[in-house]
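Engineer: First the structure, then my questions, so here it is.
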Amino acid sequence: MGFAHFWLSGFDQIRSGFWAYVAVGLENGALYAMIAVGYTLVYGVLGLINFAHGEVFMCGGFAAVFLTHGILGAGVANGWESVGLVLSGIVFAGLISAVVATGVEQVAYRPLRRRHAPKLAYLISAIGASYFLQTIAGKEFGYGQNIFPAEVFPAGQTLFYIGKTPIHTIEVICLVVGIIMFLAADRIVRHTRLGRGIRAVAQDSETSSLMGVNIDRTITLTFIIGGSLAGAAGFLYALQNGIIQNSGTELGIYAFTAAVLGGIGNLRGAALGGMMIGLFGSFSVPFAFEGNISWTEIYTFLILVLVLIIRPTGILGEKSGRTA
Amino acid sequence: MSNDLLITVENVTLRFGGVVSLRDVSLEMRRGEILAVIGPNGAGKTSLFNSVTGVYQPQEGKITFSSQKAPPLSVIGKKTHRIARAGVTRTFQASRLFSALTVFENAKIGAEDHSGIGVVGALVKGPRTRRGEKESDRVASEVLKFVGLFPEAHTIASQLSYGARRRLEIARALATDPEVILLDEPAAGTNPSEKLELTTLIRRVRDERGVSVLLIEHDMRLVMALAERLYVLNFGSVIAEGTPEEIRANQDVVDAYLGTTHDETSA
Amino acid sequence: MNLLTRKSLKRLFGTLAFFALAAVMTGGPGGFGVPAYTGVHASYLEPVSYFGLFRTQRWSIFLTLGILAWLIISLYQPHALTIRRRLEPVTALPNRVMQRRTNRWVLIGVVIVIALFLPKFVHEQFWMYLIVEQIGVWILLALGLNVVVGFAGLLDLGFAAFYAIGAYATAWFTGVLPTPAPFHHPIPTLWCIPIAVGLAMIFGILLGIPTLRLRGDYLAIVTLGFALIIDDFVGTQSGLTGGGEGSLTTPTFSMNVGFWHYHWGINPTPYYYLCFIFVVVFLIVFTSLEYSRVGRAWVAIREDEVAAQSIGINPLKYKVSAFAVGAASGGFGGVLTAGLIGNINPTLFQYQVSVNVLILVIFGGMGSIWGVAIGAIIVQFVTSYLDNYQPWGYQLNDLYMYIGALLIIMMIFRPAGILPSRRRQREISGYETEHEGHLDEVLAGDEP
């Protein structure tokens, strides 16, 4: 198969299945955006990348998987039952992930903050936390074993059609939940007192503490918001793909790419970047050589490198990502 | 000779997002002079320094450094280390020494030739490397003696007193064999006797080594004692230029300082 | 001493949480084809004897330990300062002893003598192999990463890539990959050393030039990404690299100089000496680099890039050179592994390997060459022991759990490592005092 032919056939596939690619892209994009919010918020207040955030996502996925099995068992839910299960899955996953995220903050970051440690120390400690969580999940639930939640709605259920393209329930759920949770987070950060605290610390922690903002509590809150969004994303991701102990690494890098693309530190940028990366990943599937899905990973990763090198501030960002 | 221009800054404007940090700033520095830039906090003095040394890239204007040894260098767009090698070096507001190194190593690292990569040279230690080492050692000892820190050559930099750190920073800058040295608030945080020492030292840098000095300073007494000419910045623009006597008499300057309730004007 | 204050109860909660986690860490695994709660069940409900007294379940033991730990900490805390001050002479002893030049040389001499005669004491082939494969090679890797992380301060999470390049280059040039050797002419393994090391360095430079402009945390994630891609790529390109199966057996080392022939064969002892020579060479090379112009420039860019630039240092160039030097050592480790193990496959170079090397550097002490070497010996010995004997509920895959925990613990309690580099230690304490009362202290919050 010639090279040109390969690319042409890729475009053909996109043309024929355009809406399906859009639907998958938006679904993944919503998930990336939800995870990216955590990266961007923590970056805002602490000025560093929370390397363990991918594992926070993964923990939420596992938590909800077991919850749905516990409630539903082997059956298939339908109707209102499905709605209830999805909602409780999201809430539970969000809760567990928020707990894990604050745990990571308390154990891996707070002692270093007290000691005014240099930045390298935070990175290393975060990597430690990430490996710890990943391995302990592997130990408890099997290394490399993909676990699916119970069937909270019939697998592959189609909700409606755009032209001839079926739009699946899962795609709609991801997008809707993603939008709602993002709007909620955006509202909290923009309009509540706690959110004002987050923004104040992000701008100037010294002054904001003089003005009476409780920095510890603000940072904890940041991890809670970021963690709960990531946890919900973990559950939604598991519904479609199952969850595995190292899901967090891959999704974490995607979401990080999204956060950087949108402009790290900028909440709306995270949403924008997430959607862009989601769509990009979906549209790059027909261009994977020999149908090997690793290529979409490689493409997405190239985007990350290009963004970091060409415009480290991202689309909506202002702070420079480069060394001074 | 004294009218020979060393650094010319022409109509430089520097913005960060929507904030204008320098607005249409023009400035001339002559070879061999001690020139000071003063102004209230946030007037853009350090931004000016950062523009001249290539840390910031102004959006408009032109900055030229006319070396004696090389053709004139257009500074904007050049990397800091290239500008430093051309002969423009600086110190920082809060002293930024390499705290893990000794006093001697701090001076030596300035004297060393950083144009090659030198991994191979460092391993093989051929005659050229050894000659280079010897030369750097000589320069380092010489500048340390010049600033009076030679007896403390083997102390760790972070254990020095505040005034000594400022002197070491000057020594490190001098070790690069510059034509001009930019001092960003050299007297900040020092006590009166250290201030006096620094004043003498800065004058000696020019008189004995022929290195021109561009100075940012808040301490008016030090500025008036040292500088032969001053520029006054306010809100990113030059509002006055002249000898210390002229500046002292300038009503705009007095207003600018009083407007920001700066207490050092009385000094 | 009041045990019921808010702070004390908080501490109780903390210790109990810690021991609950410890129960899971040391407990039985869950996994394939068993109910999801198997792991948790094994961690807490498995029947055991209560310190040999009566039969009970695991949770009670960990609960007891947690409360005991809490009591001990509560007793210790009020006197912490006094005790620590009393212990100061003891804890500072290693540093004080090592500060004297003669002591350092005596120690180095002792280490070298022990190392030279080690094969005489170790009779089991198994342990000899382990010493070469798991310790010798890994010292080289750790020394290489130490240049990148310790000297230049660049967090590289993709170091395994250079290791892989060294090994695969060897496999390629000796003709054991599905792709034929260059010019269809396989060469002896020993000759691959310069080629593989050169390739690793070139790759390090190519990777470094675009990525080393980035800030520290971005660099970490980009290098991690590269490692993942290489992982993917090597694993899937079966036509090129043999995929998951890997290579055929790489020939062992042999040397033919004129009429002198030597074959390393299958006995581990000759490899041990080969490895030993290279470790010594690298120790000398890196030590002289540290105290050279280049080493000083690395310290300068690691501490303050802007200040370094202002005295004429080009940070990018020195970062790239650190990357290349580190890569060389990584590539070198790869060649040795190829000659030693024979079959090269992706599992040897998984991206976790990079973190595994990182822990050796951090445990020993970033930037401290001897610290890293000794740290590598200790950590690799302990992990090999754990992997082979699996004591205390340890399972084969648990390694990264302990490594992760160790990374956090080191960062909290001993960021400069067990044998700190003098430069690094000064830098960390200098940094921490300098930033006291500054932004970070405010960030540290309102609790004492």
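Following the order of the structure tokens, first chain is A, next is B, and so on, with residues numbered from 1 inside each chain and ligands from 1 in the order they appear.
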With 9 Å as the limit and counting only C-alpha atoms, what residues in chain B lie close to chain A? Please list them as a ChimeraX atom specification.
Structural biologist: /B:17,55-56
Engineer: Give me, as an MDAnalysis selection string, the residues of segment 107-247 of chain B that a backbone DSSP run labels alpha helix (DSSP H).
Structural biologist: chainID B and resid 107:111 119:124 127:147 162:175 192:209 220:226 244:247
Engineer: Please report the interatomic distance between atom CA of Gln93 of chain B and atom CA of Arg115 of chain A in Å with one decimal.
Structural biologist: 24.6 Å
Engineer: Would you mind listing what lies within 6 Å of segment 223-236 of chain B as number ranges by chain, with only C-alpha atoms counted and same-chain residues fewer than 2 positions away left out?
Structural biologist: B: 21-23, 34-39, 43-44, 220-221, 238-244
Engineer: Leaving out segment 142-148 of chain B and any residue of its chain fewer than 4 positions from it, which residues lie within 9 Å of it when counting only C-alpha atoms, given as a list in words?
Structural biologist: Val103, Phe104, Ala107, Asp137, Arg138, Glu152, Ala153, Ala164, Arg167, Leu168, Ile170, Ala171, Arg172, Leu174, Ala175, Leu201 and Val205 of chain B
Engineer: Report the closest atom pair, with its distance in Å rounded to one decimal, for each residue of chain B that has an atom no farther than 9 Å from chain C; count only C-alpha atoms, sort by chain and then rising residue number, and write it as JSON lines.
Structural biologist:
{"residue": "B:Thr53", "atom": "CA", "partner": "C:Ser310", "partner_atom": "CA", "distance": 7.5}
{"residue": "B:Val55", "atom": "CA", "partner": "C:Val306", "partner_atom": "CA", "distance": 7.8}
{"residue": "B:Lys79", "atom": "CA", "partner": "C:Gln309", "partner_atom": "CA", "distance": 8.4}
{"residue": "B:Thr80", "atom": "CA", "partner": "C:Gln309", "partner_atom": "CA", "distance": 5.6}
{"residue": "B:His81", "atom": "CA", "partner": "C:Gly312", "partner_atom": "CA", "distance": 4.0}
{"residue": "B:Arg82", "atom": "CA", "partner": "C:Gly312", "partner_atom": "CA", "distance": 6.3}
{"residue": "B:Ile83", "atom": "CA", "partner": "C:Gly312", "partner_atom": "CA", "distance": 7.6}
{"residue": "B:Ala84", "atom": "CA", "partner": "C:Gly312", "partner_atom": "CA", "distance": 4.9}
{"residue": "B:Arg85", "atom": "CA", "partner": "C:Gly312", "partner_atom": "CA", "distance": 5.1}
{"residue": "B:Ala86", "atom": "CA", "partner": "C:Gly312", "partner_atom": "CA", "distance": 8.6}
{"residue": "B:Val88", "atom": "CA", "partner": "C:Ser310", "partner_atom": "CA", "distance": 8.3}
{"residue": "B:Thr89", "atom": "CA", "partner": "C:Ser310", "partner_atom": "CA", "distance": 5.9}
{"residue": "B:Arg90", "atom": "CA", "partner": "C:Ser310", "partner_atom": "CA", "distance": 6.4}
{"residue": "B:Thr91", "atom": "CA", "partner": "C:Ala307", "partner_atom": "CA", "distance": 8.1}
{"residue": "B:Phe92", "atom": "CA", "partner": "C:Ala307", "partner_atom": "CA", "distance": 8.0}
{"residue": "B:Arg96", "atom": "CA", "partner": "C:Ala307", "partner_atom": "CA", "distance": 6.4}
{"residue": "B:Leu97", "atom": "CA", "partner": "C:Ala307", "partner_atom": "CA", "distance": 7.6}
{"residue": "B:Phe98", "atom": "CA", "partner": "C:Ala300", "partner_atom": "CA", "distance": 6.0}
{"residue": "B:Ser99", "atom": "CA", "partner": "C:Glu427", "partner_atom": "CA", "distance": 5.7}
{"residue": "B:Ala100", "atom": "CA", "partner": "C:Arg423", "partner_atom": "CA", "distance": 4.7}
{"residue": "B:Leu101", "atom": "CA", "partner": "C:Arg423", "partner_atom": "CA", "distance": 6.6}
{"residue": "B:Glu105", "atom": "CA", "partner": "C:Arg296", "partner_atom": "CA", "distance": 7.7}
{"residue": "B:Asn106", "atom": "CA", "partner": "C:Arg296", "partner_atom": "CA", "distance": 8.7}
{"residue": "B:Lys108", "atom": "CA", "partner": "C:Arg293", "partner_atom": "CA", "distance": 8.9}
{"residue": "B:Ile109", "atom": "CA", "partner": "C:Arg296", "partner_atom": "CA", "distance": 6.7}
{"residue": "B:Gly110", "atom": "CA", "partner": "C:Ile311", "partner_atom": "CA", "distance": 5.7}
{"residue": "B:Ala111", "atom": "CA", "partner": "C:Ile311", "partner_atom": "CA", "distance": 8.6}
{"residue": "B:Glu112", "atom": "CA", "partner": "C:Arg293", "partner_atom": "CA", "distance": 7.2}
{"residue": "B:Asp113", "atom": "CA", "partner": "C:Gly312", "partner_atom": "CA", "distance": 8.3}
{"residue": "B:His114", "atom": "CA", "partner": "C:Ile313", "partner_atom": "CA", "distance": 5.7}
{"residue": "B:Ser115", "atom": "CA", "partner": "C:Ile313", "partner_atom": "CA", "distance": 7.9}
{"residue": "B:Ile117", "atom": "CA", "partner": "C:Tyr318", "partner_atom": "CA", "distance": 7.0}
{"residue": "B:Gly118", "atom": "CA", "partner": "C:Val294", "partner_atom": "CA", "distance": 6.6}
{"residue": "B:Val119", "atom": "CA", "partner": "C:Val294", "partner_atom": "CA", "distance": 6.5}
{"residue": "B:Ala122", "atom": "CA", "partner": "C:Ser292", "partner_atom": "CA", "distance": 5.8}
{"residue": "B:Leu123", "atom": "CA", "partner": "C:Val285", "partner_atom": "CA", "distance": 6.6}
{"residue": "B:Glu133", "atom": "CA", "partner": "C:Arg293", "partner_atom": "CA", "distance": 8.2}
{"residue": "B:Ile156", "atom": "CA", "partner": "C:Arg426", "partner_atom": "CA", "distance": 8.1}
{"residue": "B:Ser158", "atom": "CA", "partner": "C:Gly430", "partner_atom": "CA", "distance": 6.3}
{"residue": "B:Gln159", "atom": "CA", "partner": "C:Gly430", "partner_atom": "CA", "distance": 8.7}
{"residue": "B:Arg172", "atom": "CA", "partner": "C:Ile311", "partner_atom": "CA", "distance": 7.8}
{"residue": "B:Ala173", "atom": "CA", "partner": "C:Ile311", "partner_atom": "CA", "distance": 6.5}
{"residue": "B:Ala175", "atom": "CA", "partner": "C:Ile311", "partner_atom": "CA", "distance": 8.7}
{"residue": "B:Thr176", "atom": "CA", "partner": "C:Ile311", "partner_atom": "CA", "distance": 6.3}
